[in-house]
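Visitor: Here it is: the structure, laid out below.
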Amino acid sequence: MATRSAPARSRSIVLLVGATGVWPEELTKLLDPDDWDFVVLKELEDVPSQLKKGSVRAVVMTPRAWSGRELLVLRECRSDSPQTAFVVMAEDPVGPALKRAFENGATAFLRWPASPEALLHALHSAQHSRAES
């Protein structure tokens, strides 16, 4: 008698944009490793090629002095991938960099340190923002 194995679960990808040292190790430990893969990218310009591969649930960024090119990339990514959350993570929810990110496609702010619940809510923010529009 043949046995059937359970179908493999699809893993979602979270892109972390910024230098490797920027991301706290604890961030990846907040989520079930069976459900999530984290990929670190140095530049926002590297995101579009990753989005084309599929399975990207969220892009997490730190606020910075956004260049015009980065803001254009953010707008295009958000337009091309409305199901993907674009999350800005920082200790302080104030400042012009954060405002510019939201004006150009960011869907959520995540204060660090964060709880697993807050992180999951932010990673699903694209669905929340589509439901509100």
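Here, A, B, ... name the chains of the structure tokens in the order displayed, residue numbers run from 1 inside each chain, and ligands are numbered from 1 in the same displayed order.
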Using DSSP on the backbone, list every residue of segment 9-129 of chain A that comes out as strand (DSSP E), and give them as a ChimeraX atom specification.
Guide: /A:12-17,36-41,56-61,85-90,108-111
Visitor: For Pro93 of chain A, work out the shell of residues within 10 Å, counting only C-alpha atoms and skipping chain neighbours fewer than 2 positions away, then give it as a ChimeraX atom specification.
Guide: /A:63,88-91,95,97-99,109-112
Visitor: Which is closer to Ala106 of chain A than all the others in A:Cys77, A:Leu15, A:Ala65, A:Val22, using only C-alpha atoms?
Guide: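 Comparing A:Cys77, A:Leu15, A:Ala65, A:Val22 against Ala106 of chain A, the winner is A:Cys77.
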Visitor: Compile the contact shell of Phe86 of chain A as a VMD selection string: residues with an atom at most 10 Å away, counting only C-alpha atoms, same-chain residues fewer than 2 positions apart removed.
Guide: chain A and resid 14 to 15 57 to 61 74 77 to 78 81 to 84 88 to 89 101 to 102 105 to 109 122 to 126
Visitor: What is the distance, in Å and to one decimal place, between atom CA of Gly68 of chain A and atom CA of Gly21 of chain A?
Guide: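 Straight-line distance from atom CA of Gly68 of chain A to atom CA of Gly21 of chain A works out to 24.5 Å.
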Visitor: If we count only C-alpha atoms and set the cut-off at 10 Å, which residues sit around Leu30 of chain A, ignoring sequence neighbours fewer than 2 positions away in its own chain? Please answer as an mmCIF file with N, CA and C atoms, in the first residue's frame.
Guide:
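Output saved as selection.cif:
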data_model
loop_
_atom_site.group_PDB
_atom_site.id
_atom_site.type_symbol
_atom_site.label_atom_id
_atom_site.label_comp_id
_atom_site.auth_asym_id
_atom_site.auth_seq_id
_atom_site.Cartn_x
_atom_site.Cartn_y
_atom_site.Cartn_z
ATOM 1 N N GLU A 25 19.721 39.947 14.207
ATOM 2 C CA GLU A 25 19.577 38.501 14.082
ATOM 3 C C GLU A 25 18.221 38.042 14.621
ATOM 4 N N GLU A 26 17.717 38.734 15.636
ATOM 5 C CA GLU A 26 16.451 38.349 16.244
ATOM 6 C C GLU A 26 15.279 38.454 15.267
ATOM 7 N N LEU A 27 15.405 39.294 14.251
ATOM 8 C CA LEU A 27 14.310 39.491 13.301
ATOM 9 C C LEU A 27 13.909 38.169 12.649
ATOM 10 N N THR A 28 14.869 37.418 12.183
ATOM 11 C CA THR A 28 14.567 36.163 11.504
ATOM 12 C C THR A 28 14.081 35.090 12.469
ATOM 13 N N ASP A 32 8.383 31.440 11.968
ATOM 14 C CA ASP A 32 8.607 30.011 11.784
ATOM 15 C C ASP A 32 9.502 29.786 10.560
ATOM 16 N N PRO A 33 10.689 29.191 10.741
ATOM 17 C CA PRO A 33 11.601 28.982 9.613
ATOM 18 C C PRO A 33 11.059 28.007 8.570
ATOM 19 N N ALA A 114 10.435 44.426 17.725
ATOM 20 C CA ALA A 114 9.040 44.114 17.436
ATOM 21 C C ALA A 114 8.662 42.744 17.985
ATOM 22 N N SER A 115 7.381 42.565 18.172
ATOM 23 C CA SER A 115 6.859 41.264 18.569
ATOM 24 C C SER A 115 6.619 40.435 17.310
ATOM 25 N N PRO A 116 6.511 39.124 17.444
ATOM 26 C CA PRO A 116 6.172 38.297 16.276
ATOM 27 C C PRO A 116 4.841 38.723 15.650
ATOM 28 N N GLU A 117 3.883 39.097 16.478
ATOM 29 C CA GLU A 117 2.574 39.510 15.964
ATOM 30 C C GLU A 117 2.681 40.782 15.129
ATOM 31 N N ALA A 118 3.449 41.756 15.616
ATOM 32 C CA ALA A 118 3.622 43.013 14.880
ATOM 33 C C ALA A 118 4.340 42.762 13.559
ATOM 34 N N LEU A 119 5.343 41.899 13.579
ATOM 35 C CA LEU A 119 6.066 41.582 12.345
ATOM 36 C C LEU A 119 5.125 40.910 11.343
ATOM 37 N N LEU A 120 4.360 39.942 11.772
ATOM 38 C CA LEU A 120 3.418 39.269 10.862
ATOM 39 C C LEU A 120 2.394 40.256 10.308
#
